[in-house]
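Worksheet: the structure to be examined is printed underneath.
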6 protein chains.
Amino acid sequence: MRLLLLNPNTTGAVTERLLAAARQVAAPGTELLPATAPRGVPYIATRAEAVLGGAVALEMLAEAAEIDGAIIAAFGDPGLGGAREMFDFPVVGMAEAAMLTACMLGRRFSIVTFAQALEPWYREGVEWNGLAHRCASIRCLDGAFRSIADVQEEKEGLLVDLACRAVAEDGADAVILAGAPLAGLAGRVAARVPVPLVDGVQAAVKQLEALVSLRPRKAEAGSYRRPAPKESAGLPAALARRIGGG
Amino acid sequence: MRLLLLNPNTTGAVTERLLAAARQVAAPGTELLPATAPRGVPYIATRAEAVLGGAVALEMLAEAAEIDGAIIAAFGDPGLGGAREMFDFPVVGMAEAAMLTACMLGRRFSIVTFAQALEPWYREGVEWNGLAHRCASIRCLDGAFRSIADVQEEKEGLLVDLACRAVAEDGADAVILAGAPLAGLAGRVAARVPVPLVDGVQAAVKQLEALVSLRPRKAEAGSYRRPAPKESAGLPAALARRIGGG
Amino acid sequence: MRLLLLNPNTTGAVTERLLAAARQVAAPGTELLPATAPRGVPYIATRAEAVLGGAVALEMLAEAAEIDGAIIAAFGDPGLGGAREMFDFPVVGMAEAAMLTACMLGRRFSIVTFAQALEPWYREGVEWNGLAHRCASIRCLDGAFRSIADVQEEKEGLLVDLACRAVAEDGADAVILAGAPLAGLAGRVAARVPVPLVDGVQAAVKQLEALVSLRPRKAEAGSYRRPAPKESAGLPAALARRIGGG
Amino acid sequence: MRLLLLNPNTTGAVTERLLAAARQVAAPGTELLPATAPRGVPYIATRAEAVLGGAVALEMLAEAAEIDGAIIAAFGDPGLGGAREMFDFPVVGMAEAAMLTACMLGRRFSIVTFAQALEPWYREGVEWNGLAHRCASIRCLDGAFRSIADVQEEKEGLLVDLACRAVAEDGADAVILAGAPLAGLAGRVAARVPVPLVDGVQAAVKQLEALVSLRPRKAEAGSYRRPAPKESAGLPAALARRIGGG
Amino acid sequence: MRLLLLNPNTTGAVTERLLAAARQVAAPGTELLPATAPRGVPYIATRAEAVLGGAVALEMLAEAAEIDGAIIAAFGDPGLGGAREMFDFPVVGMAEAAMLTACMLGRRFSIVTFAQALEPWYREGVEWNGLAHRCASIRCLDGAFRSIADVQEEKEGLLVDLACRAVAEDGADAVILAGAPLAGLAGRVAARVPVPLVDGVQAAVKQLEALVSLRPRKAEAGSYRRPAPKESAGLPAALARRIGGG
Amino acid sequence: MRLLLLNPNTTGAVTERLLAAARQVAAPGTELLPATAPRGVPYIATRAEAVLGGAVALEMLAEAAEIDGAIIAAFGDPGLGGAREMFDFPVVGMAEAAMLTACMLGRRFSIVTFAQALEPWYREGVEWNGLAHRCASIRCLDGAFRSIADVQEEKEGLLVDLACRAVAEDGADAVILAGAPLAGLAGRVAARVPVPLVDGVQAAVKQLEALVSLRPRKAEAGSYRRPAPKESAGLPAALARRIGGG
């Protein structure tokens, strides 16, 4: 199966990280097609950036050709609901996939990440999924970092400590290492945290493979049915075509 | 005070409706500055369109000059959270303002609108505001309509009936007539529904006037603090400048 | 418009504070009519006192003549639901108005006040409004105070510290300085707390002006419809008349 | 043990009904002391009347001599929280006792009563107890009744039908026949409804006997600790004395 | 009335403790019939052990002869829901009874117990009862203990301290001393904790006496109706007979 | 990978159905090891039967040799929480897997099954997973069926109709065809329901494959850590050994 690995951030090095981590768990027949946002910000961290990133994600999905499914690979899942309406293939988000996977590994999970700026956006993601009661905490590192591409190495020890505190102080049964720039970290540090760790993009690959294998039909009713065709103005051609019913 | 009345839809006739309804309740010293989305769809009805409209709304806000506050005048409040982060003036959404106002008029409110397509997006708006327990129902008309500009006249009787059913069958204490195209309808039909009606844009004008009068400081902490400056690529100039710390 | 500013406490000096703070934000055409409870306690602080104060508030409302709206100016909103049933003009509560206003300034608000005794009553007010998920914390000062009339000056520094802790430790995006005796304090200390502060009576004035401007009809159905006329025994004359259908 | 059976309504005939139903289940050593409100309304049905009734209930409790516990015998439990603060003996409410008892008889209970006017007040009682998720429905008869004293005979068949509909249509596992005027009805019609029925005053007697037997200490901390002594003005002597620390 | 006091643990000494505490509060006409699990673990502490204990509890109930009601006397109430389906007499659980009783003594209760291992199971019990919003905290002692039979004496001081911390730090209005091995402790230490303490088995005895006195009918509809007869294989004879419709 | 497909019902024909449906979606390297409960009931339908089935499931898991993961293949997931504590390999439940999968296909899902008796148990499963807000409805057929092995053919048309009603009347975006006896039905009727259908055992296979691929470590902290070794009496040998620390 051909799966689009869509990074709505503009940093190609993060796409590389995502791809490498994804490949570690992808099934033999899975082909991963990476894509990096052509415009936007280096890494989405706020609600405003997520709105912009969501719009870009929809454009990128409209331009994707012959795929069986797509991963929106920023942890807050920008544009996910809209993508499910508009497209016929399954789409999963990294936050959603990580949280649902974590629900099978613990009664409550914590989300651990590398920057305070991410917390409000991540919290809205938990709420959007209706999983607030299963979220023990969202823990974010203080302080600046040098490079988004290498933040996971720079902060590795601090992130492990934070995960351990989420277990000891917040009652987490599982910990999600969240944020595209942390892709691949969970596997490296699993032995240093006493509960299961979840890697967002790896969870997303497996959940998307699961969905594609189950071959769910496209909804023709309900809230994810495709909207009726509509005119638009000033949108990128592929997106306008899709909105127009193409 | 100068208030931006930002219509994230591309239909100018809807902006006119919004402006006319807003003027009916604006205080003497309030100046309303209408603006219509330069790109997007004629009326936002789905999650996908809301993401696109939210991005446009942020661009329009970045381009606004010398305003004291802004109303995002589409009922699902596209881009509202992001707008609150990025800008120093108060911003209100039409859905939020209508719901908060309705909370002072009833224990539970219903939302009544003209098209089934709007329901999923409106429901997410209720949930985003944490008001699901105060929402008795969302009721939407079936069937097509001729013109988004005149849908409120075309469907007036059916909308009144639907509002009355929300009261009788769902236990609504107040009813919100939702959607920018219905601006001004509530005042015309108030006598035909046995509970208070709330007009979204009128509620938004009064709530924004209230906020501006109270002169809240811009947050320097918490989830609506302004994000740190960040580079971007490919975004409209004013928006890029604002994201960049300008 | 003529708005009753009803203090259900018996302390006239608190009414003065409320009036002064209210006037700072009232619109040009707004006339504020202060009234102080003729019986009860100097300041309501507990559930029991709130029941007594609620009964007095209903009596005072029944005696009010030719008003366009009323504010119940004790933070727990004693008698608010009952007032909405019985009277034809809009009535707002200080807690409700402050919380709804705070919802437009932050995802979560904290309530900060001057005495531990108030906490249980305030918490029930949050729950009655269905806003527990948007309340980050209720923080109350320990220790005695000298005079209810001057507690805001006596405790100013401690209250500012407590508000700052609510931001830093509880994640509040906005802080409500709660309790009638703190009326006017928010404006004085706004620069010392890094998020927007909400003053209860000021929020109430603006929310009531908003409601009066929107001219909602009196409910004839739903839970705030006027109860059927009923006999009573031993109640004050004006209240008995109103209950009797007058 | 001596238990005050406090009817906050002014109708003595309802007090008689309550007493008769209570005696059917009271333990051998239980002495029931009936009391009828000296002022107020014949039967409390609205939020406003509940506030007035709550104030009267506190007065009556302050005047009670040498009792081991008290039942506030109107279904919405007017004044219950305040009573728990102010007094040293256990106090139970009829709604609370019925709902907690119903929780041991079913996953979800319905509340069935004789007049639509009661619904908003009862619903707030369910919410105050935090039991909304265990409440399948509140069902109220339409239409007038002849006499509050005899409404249970007049409406017996309709109430049984309504209870049966709550089971069949709402999924109730148990049904509470609510409202002081229905005291004693449940026992008479138990065979005609296919799930357990709960009689409010009978549940209250047993719950109060349970509490008195368990001899819980008066709280000296927490939200039901006794408030600090306070001056008051214009309140009945016994109540003023109690508020004053007596 | 004859009440089965069913200990689903295999430790007879704990049954003795339960019986002694139960007798302190049982009404004059109450006969308590103790029973100890014939197989299983010395004390149930985990979800897995609770499943095993629940199965044994159902077997023991099927073998009970001529009883008016039963208490499942392990704090997580193993098998309670199933018991209510299968049997015609009332059955109460120790956790449920303690929590419902605590709801009449405080707005929020804490649960305090002697071993960390119990926390997940107890938390699921709170959630099963839908009382998470009324639970201030679950606090468990760290560290090993010498003997399950005497843990309450060994840990008395530490348990009192923990209860006091639940009041001071978590806002508990009442504290449940949870776990069958702590039966009887609450009465001994009541004066050392500033809020009411609830003893699980004592609460259960009083709640079961209340239910038996109220004589609720066996449900013939709803979720606690008796299941249709069914064949089974390999189950103990009495249980198989009951499942088979006997 | 070797996955135990554990049917806690005693009906071998249902195990065959489960296995056939599972094989349709299993990945190339997945080996499915079916097992049927040696004692219990032909199909678990009630809380009581689920307790018994949960105990049997734990015994069967204790006896399983050299597996990489296990599916508890009855829709209410009997014994799932306990299994996660006791064993080192991942365990998934059919209800949980179906619901989490459905969360990626819709905002709200409905559960459709063949017998009213299952509803209370399924509802508790939804609540245990904390997904009540994402469950639009649980719909069950009325009426008897001839054979548990062939109920899916016998009731096919009625089940399709019920699924369609869940979409049209309850707002389901996805529908779970629930219950082990319906394994494989979803694939056959997918074209006749306008939203995605989820087959419980197929979802479970994919979710378990996902977990095994992600190689989560066994928790050494949190609520799914392995309990300390404990003595037991009268339990099957393998289970006793596992409880004893083996």
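By order of appearance in the structure tokens: chains A, B, ..., then residues from 1 within every chain, and ligands from 1 in the order shown.
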
query = Once you count only C-alpha atoms, which residues of chain C turn out to be within 8 Å of chain B? Could you give them as a PyMOL selection string?
reply = chain C and resi 25+90+92+96+100-101+104-107+130-131+133-134+167+171-174+190-191+194-198+202-203+206-207+210-211+213-214+216-224

If you keep N, CA and C atoms, can you produce a file of those selected residues as a compact mmCIF listing (two decimals), in the first residue's frame?
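Written file, out-v2.txt:
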```txt
# COMPACT_ATOMS: atom_id res chain seq x y z
N VAL C 25 -17.10 51.73 33.74
CA VAL C 25 -17.26 51.07 32.44
C VAL C 25 -18.66 51.23 31.84
N PRO C 90 -34.10 41.46 31.96
CA PRO C 90 -32.91 40.60 32.11
C PRO C 90 -32.25 40.79 33.48
N VAL C 92 -28.58 39.60 35.48
CA VAL C 92 -27.30 38.89 35.38
C VAL C 92 -26.68 38.78 36.77
N GLU C 96 -21.47 34.73 37.05
CA GLU C 96 -21.77 34.29 35.69
C GLU C 96 -21.17 35.25 34.66
N LEU C 100 -18.31 34.16 31.98
CA LEU C 100 -18.56 34.16 30.54
C LEU C 100 -17.62 35.14 29.85
N THR C 101 -17.39 36.28 30.47
CA THR C 101 -16.44 37.24 29.90
C THR C 101 -15.04 36.63 29.85
N MET C 104 -13.95 34.50 26.93
CA MET C 104 -13.50 35.14 25.68
C MET C 104 -12.06 35.65 25.80
N LEU C 105 -11.49 35.52 26.97
CA LEU C 105 -10.13 36.01 27.19
C LEU C 105 -9.14 34.88 27.45
N GLY C 106 -9.65 33.67 27.58
CA GLY C 106 -8.75 32.56 27.86
C GLY C 106 -9.48 31.24 27.73
N ARG C 107 -8.71 30.18 27.57
CA ARG C 107 -9.32 28.85 27.54
C ARG C 107 -9.75 28.47 28.94
N GLY C 130 -21.95 25.23 34.56
CA GLY C 130 -21.44 24.20 33.66
C GLY C 130 -20.05 24.51 33.12
N LEU C 131 -19.28 25.28 33.87
CA LEU C 131 -17.99 25.75 33.38
C LEU C 131 -16.80 25.15 34.14
N HIS C 133 -14.95 22.72 33.49
CA HIS C 133 -13.80 22.37 32.65
C HIS C 133 -13.03 23.60 32.18
N ARG C 134 -13.61 24.76 32.32
CA ARG C 134 -12.89 25.97 31.92
C ARG C 134 -12.33 26.72 33.12
N VAL C 167 -1.76 31.81 37.49
CA VAL C 167 -1.25 31.78 36.12
C VAL C 167 -0.10 30.78 36.00
N GLY C 171 -2.22 27.26 35.31
CA GLY C 171 -2.47 27.38 33.88
C GLY C 171 -3.62 28.31 33.51
N ALA C 172 -3.90 29.29 34.36
CA ALA C 172 -4.99 30.22 34.04
C ALA C 172 -4.56 31.17 32.92
N ASP C 173 -5.45 31.36 31.95
CA ASP C 173 -5.25 32.33 30.87
C ASP C 173 -5.84 33.69 31.24
N ALA C 174 -6.72 33.70 32.21
CA ALA C 174 -7.37 34.93 32.67
C ALA C 174 -7.69 34.72 34.14
N ALA C 190 -3.94 45.69 37.14
CA ALA C 190 -3.87 44.93 35.87
C ALA C 190 -2.44 44.74 35.39
N ALA C 191 -1.62 45.75 35.58
CA ALA C 191 -0.26 45.68 35.03
C ALA C 191 0.63 44.69 35.79
N PRO C 194 0.22 38.91 34.60
CA PRO C 194 0.55 38.81 33.17
C PRO C 194 -0.58 38.31 32.26
N VAL C 195 -1.77 38.20 32.76
CA VAL C 195 -2.92 37.82 31.92
C VAL C 195 -4.06 38.79 32.19
N PRO C 196 -5.08 38.79 31.35
CA PRO C 196 -6.21 39.69 31.60
C PRO C 196 -6.88 39.41 32.94
N LEU C 197 -7.24 40.47 33.64
CA LEU C 197 -8.02 40.35 34.86
C LEU C 197 -9.47 40.71 34.55
N VAL C 198 -10.37 40.06 35.24
CA VAL C 198 -11.79 40.38 35.07
C VAL C 198 -12.34 40.85 36.41
N GLN C 202 -17.88 44.95 36.85
CA GLN C 202 -17.71 45.58 35.55
C GLN C 202 -18.15 44.64 34.42
N ALA C 203 -17.78 43.39 34.55
CA ALA C 203 -18.26 42.42 33.56
C ALA C 203 -19.79 42.37 33.57
N LYS C 206 -21.40 45.33 31.73
CA LYS C 206 -21.32 45.23 30.27
C LYS C 206 -22.22 44.10 29.74
N GLN C 207 -22.27 43.01 30.46
CA GLN C 207 -23.14 41.91 29.99
C GLN C 207 -24.61 42.30 30.09
N ALA C 210 -25.38 44.60 27.31
CA ALA C 210 -25.49 43.81 26.08
C ALA C 210 -26.87 43.17 25.98
N LEU C 211 -27.28 42.52 27.05
CA LEU C 211 -28.60 41.86 27.01
C LEU C 211 -29.72 42.86 26.77
N SER C 213 -29.60 45.74 25.35
CA SER C 213 -29.53 46.21 23.97
C SER C 213 -30.10 45.20 22.98
N LEU C 214 -29.92 43.93 23.26
CA LEU C 214 -30.38 42.90 22.34
C LEU C 214 -31.88 42.66 22.47
N PRO C 216 -34.00 40.77 24.33
CA PRO C 216 -34.59 39.43 24.23
C PRO C 216 -36.01 39.45 24.79
N ARG C 217 -36.87 38.67 24.19
CA ARG C 217 -38.23 38.59 24.73
C ARG C 217 -38.24 37.77 26.01
N LYS C 218 -39.24 38.00 26.86
CA LYS C 218 -39.42 37.16 28.04
C LYS C 218 -39.86 35.78 27.58
N ALA C 219 -39.25 34.74 28.11
CA ALA C 219 -39.62 33.39 27.73
C ALA C 219 -41.06 33.09 28.12
N GLU C 220 -41.78 32.48 27.19
CA GLU C 220 -43.12 31.96 27.53
C GLU C 220 -43.11 30.44 27.50
N ALA C 221 -41.96 29.90 27.26
CA ALA C 221 -41.79 28.45 27.32
C ALA C 221 -40.40 28.21 27.89
N GLY C 222 -40.07 26.98 28.13
CA GLY C 222 -38.75 26.65 28.63
C GLY C 222 -38.63 26.91 30.12
N SER C 223 -37.45 26.70 30.64
CA SER C 223 -37.29 26.67 32.10
C SER C 223 -37.29 28.05 32.72
N TYR C 224 -37.22 29.11 31.93
CA TYR C 224 -37.28 30.47 32.50
C TYR C 224 -38.60 31.16 32.19
```

ask   = DSSP on the backbone: what in range 11-230 of chain D comes out alpha helix (DSSP H), as a PyMOL selection string?
value = chain D and resi 12-25+47-63+80-86+94-103+119-128+151-154+156-170+185-189+200-214

request  = Using only C-alpha atoms, determine which residues lie at most 10 Å from Gly245 in chain D, disregarding the query and same-chain residues fewer than 4 positions distant; provide the list as an NGL selection string.
outcome  = :D and (86 or 226-231 or 239-241)
